[in-house]
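Enquirer: To start, I am sharing the structure in question, which I have written as structure tokens.
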Amino acid sequence: MLFFVDTANLDDIREATELGILDGVTTNPSLMAKEGISGEAPVLNHYQKICDIVGPGRDVSAEVISTDFAGMIVEGKRLAELHENIVVKVPMTVDGIKAISFFSQAGIRTNCTLVFSAGQAILAAKAGATYLSPFIGRIDDMSWEGIDLIKEIVEIYSTQGYDTSILAASVRSPLHIVQCAKAGADVVTCPLSAIKGLFYHPLTDIGLAKFLADHKKANG
Ligand code: G3P
């Protein structure tokens, strides 16, 4: 399972890259706004910075703001031309599916976002999306089991032989990451804090302290 970090914060992206386990980045308009990035040129410049930090071969999802097919195509082409790492993120709408189909035929990679049902996952795969982003945290927020959607899509994609990669999104905790790995997600995207949460176990800290104390006793 690939690890993507879900942020537009350059410090977090740098820190995640330095961990040596990062495979890519996802952003969305809310995350860009959180960093105070607005206007076309600053937005493109920010994506360029993200691509430079993560280096070659690591996908960076950049989302279109247009909601109509024509606008999505113009915007998506501009984003894709910016850097080879860029994957054009497109919302799950009728125009979005048309745009994904267009981009797929043009050899432009896409990430179909805002996916909340198995039916939507089938449409995105049929349209040729590179990645599919089911939002598990937001389903949990509605008191349903978000991870069940990942399990359902994994089963469908495997049964049908679809190529689209399942990129579990709205992943917010270390437990979510473990659940996604068990369910068979191809990619997980989450804040850096969730990845860092995987490191810690009190028995690791206690065990290391004991090893070092014993070494000191024996070696002075
Ligand atoms: O980037 C899309 C998704 O990961 C957002 O997550 O926590 O805002 O539901 P969240």
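Letters A, B, ... mark the chains of the structure tokens in the order given; residue numbers begin at 1 per chain; ligand numbers begin at 1, in order shown.
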Could you please extract the residues within 10 Å of ligand 1, counting only C-alpha atoms and all ligand atoms, and hand them back as a ChimeraX atom specification?
Expert: /A:4-8,25-31,61-63,89,113-115,133-141,167-173,188-191
Enquirer: When DSSP is applied to the backbone of this structure, which of stretch 80-216 of chain A are assigned helix (DSSP H, G or I)? Write them out as a PyMOL selection string.
Expert: chain A and resi 80-82+94-105+118-127+136-140+146-160+174-183+192-197+202-216
Enquirer: Apply DSSP to the backbone of this structure and, from stretch 9-195 of chain A, keep only the residues in strand (DSSP E or B); write these as an MDAnalysis selection string.
Expert: chainID A and resid 24:26 59:63 86:91 110:115 131:135 165:169 187:190
